[in-house]
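Structure first, then comments.
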Amino acid sequence: MKVRTRFAPSPTGFLHIGSLRTALYAYALAKHSGGDFILRIEDTDQKREVEGSEEALQKTLKKFGLEWDEFYKQSERLPLYRNAAEKLVKNGNAFYCQCKPKNSKEEGFSSSLRDPCRDKGLTSGAVKLKVPEDKIVSYTDFVHKKEISWNTSTVYDATLLKTDGFPTYHLAVAVDDTDMNISHILRGHDWLPSTPIHLLVFEYLGGKRPEIGHLTDILSAETGKKLSKRRDSVFAEQFVDDGYLPEALLNFVMLLGWAPKDNRELYTLSEFVENFDIKGFQEANPRFLTDKLDWFNGQYIRKLSDESLNSKFEKQNAKFAELSEGKQLEITKLVKDRLKKISDISIIAKFFWEEPNIDKDLFGKNYKEHLQKAKEAIEKNIPLDQVPKDNNFKVGDFFMDLRIAVTGMKFTPPINESIIILGKEETIARIKKVL
RNA sequence: GGCCCUAUCGUCUAGUGGCCUAGGACACGAGGUUUUCAGCCUUGUAACCUGGGUUCGAAUCCCAGUGGGGUCACCA
């Protein structure tokens with residue numbers, strides 16, 4: 001069976017890391033079966049719409065390789081929703097309401113589930129769902145692999161069509177997923193509580209209801225709560241800007257909420273699609289810890305060719321880009337094994353284009369002697385390895401002092417090679433400064 | 001508070017009744033390689049929320065409790 005899935009973001013901002021994961025899973029679910037992945041923009045709330053975010057969303061999806069086969073915008077499909085709403089009213093499954101919109105945040109939890117307009121027989125206004133009393137609605141969640149059910153007495157008369165003629169999510173999702181022949185709805189866990197509404201709407205509208213699955217929430221490592229844009233970095237682009245490779249971020253995120261039987265961890269997008277198994281979804285909420293992300297990023301950095309890593313450095317750091325091509329590539333080779341993030345180049349290689357500020361406390365106690373001999377060796381072109389042998393220095397201590405004098409840091413590329421790139425003059429000048 | 005989801009090392013997880021004295025990965029510790037660090041190799045510490053059942057046998061099934069999360073808009 002060919003699976004058809006959709007990713008349905010609202011154009012209210014940049015792509016959230018959780019949304020990226022949802023999109024990835026929906027993509028893999030469809031593509032694993034040779035089916036289609038659909039992008040649907042849910043722009044039914046004009047007030048919240050953010051200029052340019054639709055384009056930004058598309059750009060980011062493409063950056064991660066998640067290409068869609070079909071594209072829709074809900075604002076271009078308004079008549080469909082109106083017709084559906086009218087049909088529901090006609091069939092007695094919905095009613096018009098003229099109450100002023102409420103806001104649960106202001107009113108607390110006590111408000112009644114039943115709307116005062118449900119039996120007034122109004123002929124205009126917003127359209128709301130006429131929820132039946134004491135009926136069980138249920139479905140089998142394909143993420144949780146179990147049946148989930150509600151008594152409709154706990155479900156409120158949700159608004160389906162707003163007075164501005166736009167549908168709410170509850171109506172739009174049922175209309176569109178039926179109309180677009182979606183076979184599997186994959187969405188965030190936050191939708192689970194409103195699923196009984198959708199179940200009812202699907203039932204009243206008729207037609208085949210898609211399978212439904214609710215993904216876990218990604219929890220903040222710090223707070224243990226759902227990731228929030230206020231407190232946490234949550235946007236995919238933020239991570240890319242911060243020096244993470246899209247491939248690494250994607251690989252990291254794919255294992256937050258899904259796992260294969262064999263515990264394999266490294267997957268390219270196409271490998272993931274190939275190995276994807278709908279049974280692999282996780283039921284408990286994972287925490288977003290960057291330790292593992294850093295590890296993935298290191299893995300992917302090391303897989304890059306020197307040339308492509310080099311060009312990433314050029315884009316990342318202007319000073320690096322000013323270096324000669326030959327020097328750039330030499331530096332790239334030296335630091336490749338030492339990076340967690342692309343942006344680390346600005347720290348680890350800074351001493352190549354900027355004279356370091358030396359914190360003398362970093363030096364060992366014999367540093368003057370070490371540096372004096374190092375300077376002499378460099379001047380006379382004697383290999384530096386020879387110096388500790390000739391002078392009975394501790395190898396590690398000697399090179400550490402030299403490293404600090406030249407770079408200002410304890411963690412740097414290999415020091416001999418670095419000195420060659422830096423040049424004899426400059427190296428000696430830096431050593432003299434601290435002697 | 002109502003409704004819903006959930007519970008294996010610090011973290012991500014494997015595990016679907018006996019193969020589990022619970023496996024892998026990250027992180028952390030130790031050792032090795034090495035010119036420090038990193039990387040790489042070897043290795044160590046570390047977990048089945050609690051209480052009841054079911055069963056010859058339970059991390060695995062059931063129930064309760066507790067903990068965690070979500071949600072309760074003319075937002076998605």
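Here's how to read the names in the structure tokens: chain A, B, ... by the order shown, residue numbers from 1 in each chain, ligand numbers from 1 in the order shown.
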| field | Those in stretch 39-258 of chain A with helix (DSSP H, G or I) from DSSP, as number ranges by chain | value | A: 53-63, 74-76, 78-90, 104-107, 152-154, 169-179, 189-205, 236-241, 246-254
| said: Taking only C-alpha atoms (C1' of nucleotides) into account and nothing else, which residues of chain A lie no more than 6 Å away from chain B? Please answer as a list in words. | reply: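 Therefore, the residues near the partner are Pro101, Asn103, Ser104, Lys162, Asp190, Pro193, Ala284, Lys292, Asp337, Arg338, Met400 and Phe411 of chain A.
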| query | B:U45: which residues within 12 Å, counting only C-alpha atoms (C1' of nucleotides), same-chain residues fewer than 3 positions away excluded, as a PyMOL selection string? | reply | chain B and resi 9+28-30
| Hey, what's within 8 Å of stretch 178-185 of chain A if we count only C-alpha atoms (C1' of nucleotides) and toss same-chain stuff fewer than 3 positions away? As a PyMOL selection string, please? | chain A and resi 3-6+174-175+207-213
| said: Would you pick out the contacts of A:Asn151 at 6 Å or less, using only C-alpha atoms (C1' of nucleotides), so that residues sharing its chain but fewer than 6 positions from it are not included, and give the list as a PyMOL selection string? | reply: chain A and resi 134-136
Store the residues picked out above, limited to N, CA and C atoms, as an mmCIF file, in the first residue's frame.
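Output file part-v7.cif is given in full below:
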```cif
data_model
loop_
_atom_site.group_PDB
_atom_site.id
_atom_site.type_symbol
_atom_site.label_atom_id
_atom_site.label_comp_id
_atom_site.auth_asym_id
_atom_site.auth_seq_id
_atom_site.Cartn_x
_atom_site.Cartn_y
_atom_site.Cartn_z
ATOM 1 N N ASP A 134 -22.558 11.372 25.755
ATOM 2 C CA ASP A 134 -22.329 10.004 26.229
ATOM 3 C C ASP A 134 -22.128 8.984 25.109
ATOM 4 N N LYS A 135 -21.301 9.358 24.169
ATOM 5 C CA LYS A 135 -20.986 8.439 23.078
ATOM 6 C C LYS A 135 -19.475 8.179 23.130
ATOM 7 N N ILE A 136 -19.067 6.967 22.849
ATOM 8 C CA ILE A 136 -17.640 6.667 22.859
ATOM 9 C C ILE A 136 -17.072 6.841 21.449
#
```
| note | From the list A:Lys341, A:Lys350, A:Arg48, A:Arg21, the nearest residue to A:Leu422 using only C-alpha atoms is A:Lys350
| said: Residues within 12 Å of B:G65, please, as number ranges by chain. Count only C-alpha atoms (C1' of nucleotides); anything in the same chain fewer than 5 positions from it doesn't count. | reply: B: 49-52
